[in-house]
Amino acid sequence: KPITISKNLATLERQLTSKRFLRVHQSHLVQLGQIRAIDRTDGYTLTLSNGQQVPVARRRKEALMAELKA
């Protein structure tokens with residue numbers, strides 16, 4: 001269910017770092033525990049527990065993989 005807020009993603013990212021959220025794309029901030037699959041075909045795409053697919057920016061791919069290994 002979409003939620004509308006008046007804060008930008010940078011502000012949310014700073015507030016949510018301790019809750020295992022990671023910005024994986026300019027427009028997407030995801031909770032790491034909600035990732036169910038990673039598709040590595042034609043770049044990286046995450047599938048979340050609700051079925052939504054989220055692209056991963058090339059420059060954020062390494063940070064994502066490091067967080068998932070931690």
# chains A, B, ... in the order shown; residues from 1 in each chain; ligands from 1
$ closest_atom_pairs --of "region 1-29 of chain A" --to "region 59-63 of chain A" --cutoff "9 Å" --atoms "only C-alpha atoms" --output "tab-separated table"
residue	atom	partner	partner_atom	distance
A:Leu22	CA	A:Ala63	CA	8.6
A:Arg23	CA	A:Arg60	CA	7.9
A:Val24	CA	A:Arg60	CA	5.7
A:His25	CA	A:Arg60	CA	7.0
$ write_last_selection --atoms "all heavy atoms" --output "short mmCIF file (atom, residue, chain, number, x, y, z; two decimals), in the first residue's frame"
data_model
loop_
_atom_site.label_atom_id
_atom_site.label_comp_id
_atom_site.auth_asym_id
_atom_site.auth_seq_id
_atom_site.Cartn_x
_atom_site.Cartn_y
_atom_site.Cartn_z
N LEU A 22 18.61 0.25 2.97
CA LEU A 22 19.70 0.62 2.09
C LEU A 22 19.14 1.25 0.83
O LEU A 22 18.17 0.74 0.26
CB LEU A 22 20.55 -0.60 1.72
CG LEU A 22 21.77 -0.34 0.86
CD1 LEU A 22 22.82 0.45 1.65
CD2 LEU A 22 22.36 -1.65 0.38
N ARG A 23 19.76 2.34 0.42
CA ARG A 23 19.35 2.97 -0.83
C ARG A 23 20.05 2.24 -1.96
O ARG A 23 21.27 2.23 -2.06
CB ARG A 23 19.74 4.44 -0.83
CG ARG A 23 19.12 5.20 -1.97
CD ARG A 23 19.18 6.65 -1.67
NE ARG A 23 18.48 7.42 -2.65
CZ ARG A 23 18.31 8.72 -2.55
NH1 ARG A 23 18.80 9.37 -1.52
NH2 ARG A 23 17.66 9.38 -3.47
N VAL A 24 19.28 1.58 -2.83
CA VAL A 24 19.84 0.77 -3.90
C VAL A 24 19.73 1.45 -5.26
O VAL A 24 20.29 0.96 -6.25
CB VAL A 24 19.17 -0.62 -3.96
CG1 VAL A 24 19.47 -1.41 -2.70
CG2 VAL A 24 17.68 -0.51 -4.19
N HIS A 25 19.03 2.55 -5.30
CA HIS A 25 18.80 3.28 -6.55
C HIS A 25 18.42 4.70 -6.18
O HIS A 25 17.99 4.96 -5.05
CB HIS A 25 17.68 2.60 -7.34
CG HIS A 25 17.52 3.06 -8.74
ND1 HIS A 25 16.75 4.16 -9.05
CD2 HIS A 25 17.99 2.58 -9.90
CE1 HIS A 25 16.78 4.33 -10.35
NE2 HIS A 25 17.52 3.39 -10.90
#
$ residues_around --residues "Ala37 (chain A)" --least-positions-apart "4" --cutoff "8 Å" --atoms "only C-alpha atoms" --output "count of residues only"
3
$ residues_around --residues "Leu12 (chain A)" --least-positions-apart "4" --cutoff "10 Å" --atoms "only C-alpha atoms" --output "ChimeraX atom specification"
/A:7-8,16-17,21,23,29
$ select_by_dssp --residues "chain A" --states "strand (DSSP E or B)" --output "compact mmCIF listing (two decimals) with N, CA, C and O atoms, in the first residue's frame"
# COMPACT_ATOMS: atom_id res chain seq x y z
N PHE A 21 17.98 -0.55 6.38
CA PHE A 21 17.50 -0.04 5.10
C PHE A 21 18.71 0.38 4.28
O PHE A 21 19.72 0.82 4.82
N LEU A 22 18.61 0.25 2.97
CA LEU A 22 19.70 0.62 2.09
C LEU A 22 19.14 1.25 0.83
O LEU A 22 18.17 0.74 0.26
N ARG A 23 19.76 2.34 0.42
CA ARG A 23 19.35 2.97 -0.83
C ARG A 23 20.05 2.24 -1.96
O ARG A 23 21.27 2.23 -2.06
N VAL A 24 19.28 1.58 -2.83
CA VAL A 24 19.84 0.77 -3.90
C VAL A 24 19.73 1.45 -5.26
O VAL A 24 20.29 0.96 -6.25
N HIS A 25 19.03 2.55 -5.30
CA HIS A 25 18.80 3.28 -6.55
C HIS A 25 18.42 4.70 -6.18
O HIS A 25 17.99 4.96 -5.05
N HIS A 28 14.90 4.42 -4.89
CA HIS A 28 14.47 3.26 -4.11
C HIS A 28 15.32 3.06 -2.87
O HIS A 28 16.54 2.95 -2.94
N LEU A 29 14.63 2.96 -1.75
CA LEU A 29 15.22 2.66 -0.45
C LEU A 29 14.52 1.39 0.02
O LEU A 29 13.29 1.36 0.10
N VAL A 30 15.27 0.31 0.29
CA VAL A 30 14.63 -0.96 0.64
C VAL A 30 15.11 -1.46 1.99
O VAL A 30 16.24 -1.20 2.41
N GLN A 31 14.25 -2.20 2.66
CA GLN A 31 14.62 -2.87 3.91
C GLN A 31 15.26 -4.20 3.51
O GLN A 31 14.64 -5.01 2.80
N ILE A 35 14.10 -8.47 1.01
CA ILE A 35 14.60 -8.96 -0.28
C ILE A 35 14.44 -10.47 -0.33
O ILE A 35 14.91 -11.19 0.56
N ARG A 36 13.78 -10.96 -1.35
CA ARG A 36 13.55 -12.39 -1.51
C ARG A 36 14.38 -13.00 -2.63
O ARG A 36 14.69 -14.18 -2.60
N ALA A 37 14.74 -12.20 -3.62
CA ALA A 37 15.54 -12.72 -4.74
C ALA A 37 16.31 -11.58 -5.39
O ALA A 37 15.89 -10.43 -5.34
N ILE A 38 17.43 -11.95 -6.00
CA ILE A 38 18.22 -11.00 -6.77
C ILE A 38 18.39 -11.57 -8.17
O ILE A 38 18.92 -12.68 -8.33
N ASP A 39 17.92 -10.84 -9.16
CA ASP A 39 18.06 -11.25 -10.55
C ASP A 39 19.26 -10.51 -11.12
O ASP A 39 19.28 -9.28 -11.14
N TYR A 44 21.18 -5.65 -12.01
CA TYR A 44 20.60 -6.26 -10.82
C TYR A 44 19.19 -5.75 -10.60
O TYR A 44 18.93 -4.55 -10.69
N THR A 45 18.28 -6.67 -10.29
CA THR A 45 16.91 -6.34 -9.92
C THR A 45 16.55 -7.14 -8.68
O THR A 45 16.79 -8.35 -8.63
N LEU A 46 15.99 -6.47 -7.68
CA LEU A 46 15.57 -7.14 -6.46
C LEU A 46 14.10 -7.48 -6.54
O LEU A 46 13.31 -6.69 -7.05
N THR A 47 13.73 -8.63 -6.00
CA THR A 47 12.33 -8.97 -5.82
C THR A 47 12.08 -8.94 -4.32
O THR A 47 12.77 -9.63 -3.55
N LEU A 48 11.12 -8.13 -3.90
CA LEU A 48 10.81 -7.99 -2.48
C LEU A 48 9.73 -8.97 -2.07
O LEU A 48 9.08 -9.60 -2.90
N GLN A 53 9.32 -5.45 -7.84
CA GLN A 53 10.69 -5.52 -8.34
C GLN A 53 11.32 -4.14 -8.32
O GLN A 53 10.70 -3.16 -8.72
N VAL A 54 12.57 -4.08 -7.84
CA VAL A 54 13.27 -2.81 -7.66
C VAL A 54 14.63 -2.91 -8.36
O VAL A 54 15.39 -3.85 -8.11
N PRO A 55 14.95 -1.95 -9.22
CA PRO A 55 16.26 -1.98 -9.86
C PRO A 55 17.36 -1.56 -8.89
O PRO A 55 17.11 -0.82 -7.95
N VAL A 56 18.56 -2.06 -9.13
CA VAL A 56 19.72 -1.69 -8.33
C VAL A 56 20.67 -0.92 -9.25
O VAL A 56 21.03 -1.41 -10.32
$ select_by_dssp --residues "chain A" --states "helix (DSSP H, G or I)" --output "PDB file with C-alpha atoms, in the first residue's frame"
ATOM      1  CA  LEU A   9      14.797   9.919   0.298  1.00  0.00           C
ATOM      2  CA  ALA A  10      18.082  11.347   1.576  1.00  0.00           C
ATOM      3  CA  THR A  11      16.377  12.395   4.813  1.00  0.00           C
ATOM      4  CA  LEU A  12      14.715   8.996   5.208  1.00  0.00           C
ATOM      5  CA  GLU A  13      17.972   7.234   4.423  1.00  0.00           C
ATOM      6  CA  ARG A  14      19.739   9.046   7.283  1.00  0.00           C
ATOM      7  CA  GLN A  15      16.923   8.197   9.698  1.00  0.00           C
ATOM      8  CA  LEU A  16      16.650   4.516   8.735  1.00  0.00           C
ATOM      9  CA  THR A  17      20.260   3.336   8.524  1.00  0.00           C
ATOM     10  CA  SER A  18      20.047   1.490  11.850  1.00  0.00           C
ATOM     11  CA  LYS A  19      16.927  -0.391  10.723  1.00  0.00           C
ATOM     12  CA  LEU A  32      17.211  -5.610   3.496  1.00  0.00           C
ATOM     13  CA  GLY A  33      15.071  -8.193   5.293  1.00  0.00           C
ATOM     14  CA  GLN A  34      12.373  -7.863   2.621  1.00  0.00           C
ATOM     15  CA  ARG A  58      25.377  -0.187 -10.916  1.00  0.00           C
ATOM     16  CA  ARG A  59      27.288   1.998  -8.487  1.00  0.00           C
ATOM     17  CA  ARG A  60      25.266   0.730  -5.491  1.00  0.00           C
ATOM     18  CA  LYS A  61      25.587  -2.966  -6.323  1.00  0.00           C
ATOM     19  CA  GLU A  62      28.758  -3.502  -4.268  1.00  0.00           C
ATOM     20  CA  ALA A  63      27.290  -1.814  -1.179  1.00  0.00           C
ATOM     21  CA  LEU A  64      24.202  -4.018  -1.457  1.00  0.00           C
ATOM     22  CA  MET A  65      26.231  -7.212  -1.695  1.00  0.00           C
ATOM     23  CA  ALA A  66      28.401  -6.169   1.263  1.00  0.00           C
ATOM     24  CA  GLU A  67      25.314  -5.486   3.416  1.00  0.00           C
ATOM     25  CA  LEU A  68      23.730  -8.812   2.492  1.00  0.00           C
ATOM     26  CA  LYS A  69      26.889 -10.688   3.491  1.00  0.00           C
TER      27      LYS A  69
END
$ decode --residues "region 26-42 of chain A" --atoms "all heavy atoms" --output "CSV table (one decimal), in the first residue's frame"
chain,number,residue,atom,x,y,z
A,26,GLN,N,18.5,5.6,-7.1
A,26,GLN,CA,18.2,7.0,-6.8
A,26,GLN,C,16.8,7.1,-6.3
A,26,GLN,O,16.5,8.0,-5.5
A,26,GLN,CB,18.3,7.8,-8.1
A,26,GLN,CG,18.0,9.3,-7.9
A,26,GLN,CD,18.1,10.1,-9.2
A,26,GLN,OE1,18.5,9.5,-10.2
A,26,GLN,NE2,17.8,11.4,-9.2
A,27,SER,N,15.9,6.3,-6.7
A,27,SER,CA,14.5,6.4,-6.3
A,27,SER,C,14.0,5.3,-5.4
A,27,SER,O,12.8,5.1,-5.2
A,27,SER,CB,13.6,6.3,-7.6
A,27,SER,OG,14.0,7.3,-8.5
A,28,HIS,N,14.9,4.4,-4.9
A,28,HIS,CA,14.5,3.3,-4.1
A,28,HIS,C,15.3,3.1,-2.9
A,28,HIS,O,16.5,2.9,-2.9
A,28,HIS,CB,14.5,2.0,-5.0
A,28,HIS,CG,13.6,2.0,-6.2
A,28,HIS,ND1,12.3,1.9,-6.1
A,28,HIS,CD2,13.9,2.3,-7.5
A,28,HIS,CE1,11.8,2.0,-7.3
A,28,HIS,NE2,12.8,2.2,-8.1
A,29,LEU,N,14.6,3.0,-1.7
A,29,LEU,CA,15.2,2.7,-0.5
A,29,LEU,C,14.5,1.4,0.0
A,29,LEU,O,13.3,1.4,0.1
A,29,LEU,CB,14.9,3.8,0.5
A,29,LEU,CG,15.5,3.8,1.9
A,29,LEU,CD1,17.0,3.9,1.8
A,29,LEU,CD2,15.0,5.0,2.7
A,30,VAL,N,15.3,0.3,0.3
A,30,VAL,CA,14.6,-1.0,0.6
A,30,VAL,C,15.1,-1.5,2.0
A,30,VAL,O,16.2,-1.2,2.4
A,30,VAL,CB,14.9,-2.1,-0.4
A,30,VAL,CG1,14.3,-1.7,-1.8
A,30,VAL,CG2,16.4,-2.4,-0.6
A,31,GLN,N,14.2,-2.2,2.7
A,31,GLN,CA,14.6,-2.9,3.9
A,31,GLN,C,15.3,-4.2,3.5
A,31,GLN,O,14.6,-5.0,2.8
A,31,GLN,CB,13.4,-3.1,4.8
A,31,GLN,CG,13.8,-3.6,6.2
A,31,GLN,CD,12.6,-3.8,7.1
A,31,GLN,OE1,11.5,-3.8,6.6
A,31,GLN,NE2,12.9,-3.9,8.3
A,32,LEU,N,16.5,-4.4,3.9
A,32,LEU,CA,17.2,-5.6,3.5
A,32,LEU,C,16.5,-6.9,3.8
A,32,LEU,O,16.6,-7.9,3.1
A,32,LEU,CB,18.6,-5.6,4.1
A,32,LEU,CG,19.5,-4.4,3.7
A,32,LEU,CD1,20.8,-4.4,4.4
A,32,LEU,CD2,19.7,-4.4,2.2
A,33,GLY,N,15.8,-7.0,4.9
A,33,GLY,CA,15.1,-8.2,5.3
A,33,GLY,C,13.9,-8.5,4.4
A,33,GLY,O,13.4,-9.6,4.5
A,34,GLN,N,13.5,-7.6,3.5
A,34,GLN,CA,12.4,-7.9,2.6
A,34,GLN,C,12.8,-8.4,1.3
A,34,GLN,O,12.0,-8.7,0.4
A,34,GLN,CB,11.5,-6.6,2.5
A,34,GLN,CG,10.9,-6.1,3.7
A,34,GLN,CD,10.0,-7.1,4.3
A,34,GLN,OE1,9.1,-7.7,3.6
A,34,GLN,NE2,10.2,-7.4,5.6
A,35,ILE,N,14.1,-8.5,1.0
A,35,ILE,CA,14.6,-9.0,-0.3
A,35,ILE,C,14.4,-10.5,-0.3
A,35,ILE,O,14.9,-11.2,0.6
A,35,ILE,CB,16.1,-8.6,-0.5
A,35,ILE,CG1,16.2,-7.1,-0.5
A,35,ILE,CG2,16.6,-9.2,-1.8
A,35,ILE,CD1,17.7,-6.6,-0.5
A,36,ARG,N,13.8,-11.0,-1.4
A,36,ARG,CA,13.6,-12.4,-1.5
A,36,ARG,C,14.4,-13.0,-2.6
A,36,ARG,O,14.7,-14.2,-2.6
A,36,ARG,CB,12.1,-12.7,-1.8
A,36,ARG,CG,11.2,-12.3,-0.6
A,36,ARG,CD,11.5,-13.2,0.6
A,36,ARG,NE,10.8,-12.8,1.8
A,36,ARG,CZ,11.3,-12.2,2.9
A,36,ARG,NH1,12.6,-12.0,2.9
A,36,ARG,NH2,10.6,-11.9,3.9
A,37,ALA,N,14.7,-12.2,-3.6
A,37,ALA,CA,15.5,-12.7,-4.7
A,37,ALA,C,16.3,-11.6,-5.4
A,37,ALA,O,15.9,-10.4,-5.3
A,37,ALA,CB,14.6,-13.4,-5.8
A,38,ILE,N,17.4,-11.9,-6.0
A,38,ILE,CA,18.2,-11.0,-6.8
A,38,ILE,C,18.4,-11.6,-8.2
A,38,ILE,O,18.9,-12.7,-8.3
A,38,ILE,CB,19.6,-10.8,-6.1
A,38,ILE,CG1,19.5,-10.2,-4.7
A,38,ILE,CG2,20.4,-9.8,-7.0
A,38,ILE,CD1,20.8,-10.1,-4.0
A,39,ASP,N,17.9,-10.8,-9.2
A,39,ASP,CA,18.1,-11.2,-10.6
A,39,ASP,C,19.3,-10.5,-11.1
A,39,ASP,O,19.3,-9.3,-11.1
A,39,ASP,CB,16.8,-10.9,-11.3
A,39,ASP,CG,16.9,-11.3,-12.8
A,39,ASP,OD1,17.8,-12.0,-13.2
A,39,ASP,OD2,15.9,-11.0,-13.5
A,40,ARG,N,20.3,-11.2,-11.6
A,40,ARG,CA,21.5,-10.6,-12.1
A,40,ARG,C,21.5,-10.5,-13.6
A,40,ARG,O,22.5,-10.2,-14.2
A,40,ARG,CB,22.7,-11.4,-11.6
A,40,ARG,CG,22.8,-11.3,-10.1
A,40,ARG,CD,24.0,-12.1,-9.6
A,40,ARG,NE,24.2,-11.8,-8.2
A,40,ARG,CZ,24.2,-12.8,-7.3
A,40,ARG,NH1,24.1,-14.0,-7.6
A,40,ARG,NH2,24.3,-12.5,-6.0
A,41,THR,N,20.4,-10.8,-14.3
A,41,THR,CA,20.3,-10.7,-15.7
A,41,THR,C,20.1,-9.3,-16.1
A,41,THR,O,19.2,-8.6,-15.6
A,41,THR,CB,19.1,-11.6,-16.2
A,41,THR,OG1,19.2,-12.9,-15.7
A,41,THR,CG2,19.1,-11.6,-17.7
A,42,ASP,N,20.9,-8.8,-17.0
A,42,ASP,CA,20.8,-7.4,-17.5
A,42,ASP,C,20.8,-6.4,-16.3
A,42,ASP,O,19.9,-5.6,-16.2
A,42,ASP,CB,19.5,-7.3,-18.3
A,42,ASP,CG,19.5,-6.0,-19.1
A,42,ASP,OD1,20.6,-5.5,-19.5
A,42,ASP,OD2,18.4,-5.5,-19.3
